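Undergrad: Sharing a structure below in structure tokens format, with a few things to ask.
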Amino acid sequence: MQPHKIIYYSDELHDDFANTKGAKPIKVTADYKFLKKGPLWRLGSFILYRFIATPLAYLFCRLFYGVRIENRRALQKIKGGFFLYGNHTQHACDAFIPTLVTFPKRAYIVTSTDAVAIPVVKMLVRMLGGIPLPTERKGIIPFFGATKSLAEHHSVVMIYPEAHIWPYYTKIRPFDDGAFLYPVKTGRPAAAFTVTYRERKIFKNRHPLITVRVSEPFYPDTSLPANKARRKLRDEVYDFMVRSASCDQPEYYKYIKAENKADTDDPDS
């Protein structure tokens, strides 16, 4: 497959190609209600998630991206809630795939503040399980309390440790172990999935199809100090994602490091 687009990047950790526009930055402080518990809100959220969003997510992913999920049964070994990690290479699909992977458990997704900054849309994002990261240190405690409560009550907390979207990227970008403190501190297990791509048999010039590879559960090592336990958990998840992304994948978007731009004759994106 010839690359549909060429993207030049300089920093694997911080470059973001999500192209989010129209959202005014907001502050998510310690006073932010990360989980709303009113009965009407919970009822509306349940109906929207279970009877509208879940069927639409399935249809969208299957019809437009031919999503296949491998080893989803591994997650059935986990009793109760857990933390889920994945690579961040899609816009809509990255919002929908956790719902399909974790069904029948409900998935809540840790998002950037951009997702809850747009009027009207932010309410839908919240009702569908979006939880924004705090923008100040004091917000970390209530944020952690919210994720802990969800994992302890049989829900799944989805985290994209790469943080930024790189559309159709076929490798795994480096990420630190900060997001792995949650399973260590709560004692809940972790799992991972890797979105990989496969070429279409017809309409080959269109975007590739998606295969989601799911890991076996990972459990925090309680014999280690917290900082070493979260590092070990991070390494286990990262190694799984790298291995499962090592399959032959079509390169729909080609990523080139900026310092190598002069070494290629490819046209600029």
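Convention: chains lettered A, B, ... in structure tokens order; per-chain residue numbering from 1; ligands numbered from 1 as shown.
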What are the closest atom pairs, with distances in Å to one decimal, for each residue of stretch 58-145 of chain A lying within 12 Å of stretch 160-183 of chain A, using only C-alpha atoms, rows by chain and rising residue number, as JSON lines?

TA:
{"residue": "A:Tyr65", "atom": "CA", "partner": "A:Tyr168", "partner_atom": "CA", "distance": 11.9}
{"residue": "A:Gly81", "atom": "CA", "partner": "A:Pro183", "partner_atom": "CA", "distance": 10.2}
{"residue": "A:Phe82", "atom": "CA", "partner": "A:Pro183", "partner_atom": "CA", "distance": 7.4}
{"residue": "A:Phe83", "atom": "CA", "partner": "A:Pro183", "partner_atom": "CA", "distance": 6.5}
{"residue": "A:Leu84", "atom": "CA", "partner": "A:Tyr160", "partner_atom": "CA", "distance": 8.4}
{"residue": "A:Tyr85", "atom": "CA", "partner": "A:Tyr160", "partner_atom": "CA", "distance": 5.6}
{"residue": "A:Gly86", "atom": "CA", "partner": "A:Tyr160", "partner_atom": "CA", "distance": 5.4}
{"residue": "A:Asn87", "atom": "CA", "partner": "A:Tyr160", "partner_atom": "CA", "distance": 6.1}
{"residue": "A:His88", "atom": "CA", "partner": "A:Ile165", "partner_atom": "CA", "distance": 5.1}
{"residue": "A:Thr89", "atom": "CA", "partner": "A:Pro167", "partner_atom": "CA", "distance": 4.4}
{"residue": "A:Gln90", "atom": "CA", "partner": "A:Pro167", "partner_atom": "CA", "distance": 5.3}
{"residue": "A:His91", "atom": "CA", "partner": "A:Ile165", "partner_atom": "CA", "distance": 7.4}
{"residue": "A:Ala92", "atom": "CA", "partner": "A:Pro167", "partner_atom": "CA", "distance": 10.9}
{"residue": "A:Cys93", "atom": "CA", "partner": "A:Pro167", "partner_atom": "CA", "distance": 10.7}
{"residue": "A:Asp94", "atom": "CA", "partner": "A:Tyr160", "partner_atom": "CA", "distance": 9.0}
{"residue": "A:Ala95", "atom": "CA", "partner": "A:Tyr160", "partner_atom": "CA", "distance": 10.6}
{"residue": "A:Pro98", "atom": "CA", "partner": "A:Tyr160", "partner_atom": "CA", "distance": 10.7}
{"residue": "A:Tyr108", "atom": "CA", "partner": "A:Tyr160", "partner_atom": "CA", "distance": 11.7}
{"residue": "A:Ile109", "atom": "CA", "partner": "A:Tyr160", "partner_atom": "CA", "distance": 8.5}
{"residue": "A:Val110", "atom": "CA", "partner": "A:Tyr160", "partner_atom": "CA", "distance": 7.6}
{"residue": "A:Thr111", "atom": "CA", "partner": "A:Tyr160", "partner_atom": "CA", "distance": 8.4}
{"residue": "A:Ser112", "atom": "CA", "partner": "A:Ala163", "partner_atom": "CA", "distance": 8.3}
{"residue": "A:Thr113", "atom": "CA", "partner": "A:Ala163", "partner_atom": "CA", "distance": 11.9}
{"residue": "A:Asp114", "atom": "CA", "partner": "A:His164", "partner_atom": "CA", "distance": 11.9}
{"residue": "A:Leu133", "atom": "CA", "partner": "A:Ala163", "partner_atom": "CA", "distance": 10.8}
{"residue": "A:Ile140", "atom": "CA", "partner": "A:Tyr182", "partner_atom": "CA", "distance": 11.4}
{"residue": "A:Ile141", "atom": "CA", "partner": "A:Tyr182", "partner_atom": "CA", "distance": 11.5}
{"residue": "A:Phe143", "atom": "CA", "partner": "A:Tyr182", "partner_atom": "CA", "distance": 10.6}
{"residue": "A:Phe144", "atom": "CA", "partner": "A:Tyr182", "partner_atom": "CA", "distance": 7.4}
{"residue": "A:Gly145", "atom": "CA", "partner": "A:Tyr182", "partner_atom": "CA", "distance": 9.9}

Undergrad: What lies within 12 Å of stretch 32-41 of chain A using only C-alpha atoms, ignoring chain neighbours under 5 positions off, as a VMD selection string?

TA: chain A and resid 26 to 27 46 to 49 108 to 111 113 116 123 to 136 138 to 150

Undergrad: Quick one: residues within 12 Å of A:Pro104, only C-alpha atoms counted, chain neighbours fewer than 2 positions away excluded, as an mmCIF file with all heavy atoms, in the first residue's frame?

TA:
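The file below, result-v9.cif, is the result:
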data_model
loop_
_atom_site.group_PDB
_atom_site.id
_atom_site.type_symbol
_atom_site.label_atom_id
_atom_site.label_comp_id
_atom_site.auth_asym_id
_atom_site.auth_seq_id
_atom_site.Cartn_x
_atom_site.Cartn_y
_atom_site.Cartn_z
ATOM 1 N N TYR A 49 -25.749 4.861 27.201
ATOM 2 C CA TYR A 49 -24.585 3.992 26.996
ATOM 3 C C TYR A 49 -24.994 2.618 26.476
ATOM 4 O O TYR A 49 -24.440 2.114 25.494
ATOM 5 C CB TYR A 49 -23.809 3.853 28.307
ATOM 6 C CG TYR A 49 -22.532 3.040 28.192
ATOM 7 C CD1 TYR A 49 -21.335 3.666 27.855
ATOM 8 C CD2 TYR A 49 -22.521 1.672 28.417
ATOM 9 C CE1 TYR A 49 -20.160 2.933 27.748
ATOM 10 C CE2 TYR A 49 -21.351 0.930 28.304
ATOM 11 C CZ TYR A 49 -20.176 1.566 27.970
ATOM 12 O OH TYR A 49 -19.009 0.823 27.863
ATOM 13 N N ARG A 50 -25.990 1.998 27.145
ATOM 14 C CA ARG A 50 -26.340 0.614 26.838
ATOM 15 C C ARG A 50 -27.205 0.460 25.591
ATOM 16 O O ARG A 50 -26.997 -0.461 24.790
ATOM 17 C CB ARG A 50 -27.067 -0.018 28.035
ATOM 18 C CG ARG A 50 -26.184 -0.302 29.226
ATOM 19 C CD ARG A 50 -25.123 -1.309 28.891
ATOM 20 N NE ARG A 50 -24.317 -1.673 30.061
ATOM 21 C CZ ARG A 50 -23.160 -2.307 30.001
ATOM 22 N NH1 ARG A 50 -22.656 -2.620 28.829
ATOM 23 N NH2 ARG A 50 -22.493 -2.610 31.103
ATOM 24 N N THR A 54 -23.722 1.766 22.670
ATOM 25 C CA THR A 54 -23.102 0.459 22.450
ATOM 26 C C THR A 54 -23.477 -0.148 21.101
ATOM 27 O O THR A 54 -22.589 -0.582 20.346
ATOM 28 C CB THR A 54 -23.451 -0.509 23.598
ATOM 29 O OG1 THR A 54 -22.949 0.043 24.836
ATOM 30 C CG2 THR A 54 -22.824 -1.877 23.379
ATOM 31 N N ARG A 72 -10.598 -11.724 23.343
ATOM 32 C CA ARG A 72 -11.428 -10.953 24.279
ATOM 33 C C ARG A 72 -11.833 -11.793 25.483
ATOM 34 O O ARG A 72 -12.063 -11.249 26.575
ATOM 35 C CB ARG A 72 -12.673 -10.419 23.549
ATOM 36 C CG ARG A 72 -13.458 -9.381 24.341
ATOM 37 C CD ARG A 72 -14.550 -8.761 23.492
ATOM 38 N NE ARG A 72 -15.661 -9.657 23.305
ATOM 39 C CZ ARG A 72 -16.696 -9.754 24.165
ATOM 40 N NH1 ARG A 72 -16.723 -8.985 25.242
ATOM 41 N NH2 ARG A 72 -17.678 -10.588 23.926
ATOM 42 N N ARG A 73 -11.896 -13.108 25.309
ATOM 43 C CA ARG A 73 -12.292 -13.983 26.409
ATOM 44 C C ARG A 73 -11.313 -13.929 27.579
ATOM 45 O O ARG A 73 -11.666 -14.292 28.700
ATOM 46 C CB ARG A 73 -12.421 -15.424 25.913
ATOM 47 C CG ARG A 73 -13.631 -15.654 25.001
ATOM 48 C CD ARG A 73 -13.776 -17.124 24.646
ATOM 49 N NE ARG A 73 -14.953 -17.356 23.827
ATOM 50 C CZ ARG A 73 -15.319 -18.558 23.403
ATOM 51 N NH1 ARG A 73 -14.600 -19.629 23.708
ATOM 52 N NH2 ARG A 73 -16.409 -18.699 22.662
ATOM 53 N N LEU A 75 -10.379 -11.458 29.142
ATOM 54 C CA LEU A 75 -10.854 -10.491 30.131
ATOM 55 C C LEU A 75 -11.934 -11.082 31.026
ATOM 56 O O LEU A 75 -12.222 -10.537 32.097
ATOM 57 C CB LEU A 75 -11.365 -9.235 29.430
ATOM 58 C CG LEU A 75 -10.349 -8.518 28.535
ATOM 59 C CD1 LEU A 75 -10.948 -7.251 27.963
ATOM 60 C CD2 LEU A 75 -9.068 -8.202 29.294
ATOM 61 N N GLN A 76 -12.536 -12.177 30.597
ATOM 62 C CA GLN A 76 -13.548 -12.832 31.420
ATOM 63 C C GLN A 76 -12.929 -13.506 32.643
ATOM 64 O O GLN A 76 -13.646 -13.875 33.570
ATOM 65 C CB GLN A 76 -14.330 -13.843 30.575
ATOM 66 C CG GLN A 76 -15.132 -13.202 29.449
ATOM 67 C CD GLN A 76 -15.808 -14.212 28.548
ATOM 68 O OE1 GLN A 76 -15.737 -15.416 28.772
ATOM 69 N NE2 GLN A 76 -16.467 -13.724 27.492
ATOM 70 N N GLY A 80 -14.611 -8.682 38.576
ATOM 71 C CA GLY A 80 -14.714 -7.294 39.012
ATOM 72 C C GLY A 80 -14.056 -6.348 38.033
ATOM 73 O O GLY A 80 -13.750 -6.687 36.886
ATOM 74 N N GLY A 81 -13.836 -5.116 38.489
ATOM 75 C CA GLY A 81 -13.302 -4.084 37.623
ATOM 76 C C GLY A 81 -11.802 -4.188 37.430
ATOM 77 O O GLY A 81 -11.110 -4.894 38.167
ATOM 78 N N PRO A 98 -13.066 0.365 23.427
ATOM 79 C CA PRO A 98 -13.133 -0.142 24.807
ATOM 80 C C PRO A 98 -14.503 -0.701 25.180
ATOM 81 O O PRO A 98 -14.599 -1.691 25.917
ATOM 82 C CB PRO A 98 -12.784 1.093 25.641
ATOM 83 C CG PRO A 98 -11.935 1.917 24.742
ATOM 84 C CD PRO A 98 -12.516 1.728 23.375
ATOM 85 N N THR A 99 -15.572 -0.095 24.674
ATOM 86 C CA THR A 99 -16.926 -0.587 24.940
ATOM 87 C C THR A 99 -17.109 -2.005 24.405
ATOM 88 O O THR A 99 -17.712 -2.860 25.061
ATOM 89 C CB THR A 99 -17.962 0.349 24.302
ATOM 90 O OG1 THR A 99 -17.863 1.635 24.910
ATOM 91 C CG2 THR A 99 -19.376 -0.178 24.488
ATOM 92 N N LEU A 100 -16.572 -2.259 23.210
ATOM 93 C CA LEU A 100 -16.705 -3.577 22.601
ATOM 94 C C LEU A 100 -15.804 -4.609 23.275
ATOM 95 O O LEU A 100 -16.191 -5.769 23.459
ATOM 96 C CB LEU A 100 -16.371 -3.498 21.104
ATOM 97 C CG LEU A 100 -17.143 -2.458 20.290
ATOM 98 C CD1 LEU A 100 -16.751 -2.532 18.812
ATOM 99 C CD2 LEU A 100 -18.642 -2.638 20.452
ATOM 100 N N VAL A 101 -14.603 -4.181 23.647
ATOM 101 C CA VAL A 101 -13.635 -5.095 24.260
ATOM 102 C C VAL A 101 -14.093 -5.554 25.643
ATOM 103 O O VAL A 101 -13.925 -6.721 26.016
ATOM 104 C CB VAL A 101 -12.248 -4.425 24.340
ATOM 105 C CG1 VAL A 101 -11.295 -5.231 25.222
ATOM 106 C CG2 VAL A 101 -11.652 -4.271 22.949
ATOM 107 N N THR A 102 -14.676 -4.641 26.425
ATOM 108 C CA THR A 102 -14.990 -4.947 27.821
ATOM 109 C C THR A 102 -16.419 -5.429 28.045
ATOM 110 O O THR A 102 -16.761 -5.804 29.171
ATOM 111 C CB THR A 102 -14.767 -3.708 28.704
ATOM 112 O OG1 THR A 102 -15.688 -2.667 28.314
ATOM 113 C CG2 THR A 102 -13.340 -3.197 28.572
ATOM 114 N N ARG A 106 -18.935 -2.080 31.844
ATOM 115 C CA ARG A 106 -18.932 -0.733 31.284
ATOM 116 C C ARG A 106 -17.532 -0.144 31.329
ATOM 117 O O ARG A 106 -16.802 -0.298 32.314
ATOM 118 C CB ARG A 106 -19.903 0.165 32.049
ATOM 119 C CG ARG A 106 -19.908 1.585 31.519
ATOM 120 C CD ARG A 106 -21.060 2.406 32.023
ATOM 121 N NE ARG A 106 -20.981 3.759 31.504
ATOM 122 C CZ ARG A 106 -21.924 4.680 31.631
ATOM 123 N NH1 ARG A 106 -23.053 4.377 32.252
ATOM 124 N NH2 ARG A 106 -21.774 5.892 31.125
ATOM 125 N N ALA A 107 -17.152 0.535 30.261
ATOM 126 C CA ALA A 107 -15.835 1.155 30.177
ATOM 127 C C ALA A 107 -15.941 2.669 30.342
ATOM 128 O O ALA A 107 -16.767 3.316 29.691
ATOM 129 C CB ALA A 107 -15.184 0.832 28.832
ATOM 130 N N HIS A 154 -16.817 -2.993 39.639
ATOM 131 C CA HIS A 154 -16.976 -3.842 38.461
ATOM 132 C C HIS A 154 -16.980 -3.098 37.127
ATOM 133 O O HIS A 154 -17.442 -3.642 36.131
ATOM 134 C CB HIS A 154 -18.248 -4.689 38.580
ATOM 135 C CG HIS A 154 -18.306 -5.501 39.840
ATOM 136 N ND1 HIS A 154 -17.597 -6.672 39.993
ATOM 137 C CD2 HIS A 154 -18.956 -5.300 41.009
ATOM 138 C CE1 HIS A 154 -17.820 -7.176 41.199
ATOM 139 N NE2 HIS A 154 -18.626 -6.351 41.845
ATOM 140 N N SER A 155 -16.468 -1.875 37.107
ATOM 141 C CA SER A 155 -16.334 -1.161 35.842
ATOM 142 C C SER A 155 -14.874 -1.216 35.373
ATOM 143 O O SER A 155 -13.985 -1.664 36.093
ATOM 144 C CB SER A 155 -16.785 0.296 35.989
ATOM 145 O OG SER A 155 -18.166 0.361 36.248
ATOM 146 N N VAL A 156 -14.648 -0.757 34.164
ATOM 147 C CA VAL A 156 -13.314 -0.752 33.579
ATOM 148 C C VAL A 156 -12.890 0.691 33.326
ATOM 149 O O VAL A 156 -13.672 1.489 32.797
ATOM 150 C CB VAL A 156 -13.292 -1.539 32.251
ATOM 151 C CG1 VAL A 156 -11.898 -1.521 31.634
ATOM 152 C CG2 VAL A 156 -13.760 -2.979 32.476
#

Undergrad: I need the residues of stretch 41-205 of chain A that end up classed as strand (DSSP E or B) by DSSP on the backbone, written out as a PyMOL selection string.

TA: chain A and resi 68-70+82-86+107-111+130-132+156-159+190-198

Undergrad: Run DSSP on the backbone of this structure and report the residues of stretch 18-165 of chain A it assigns to helix (DSSP H, G or I), as a count of residues only.

TA: 71

Undergrad: So which one's closest to A:Ala117, A:Ala245, A:Ala18, A:Val237, A:Val28? Using only C-alpha atoms, please.

TA: A:Val28
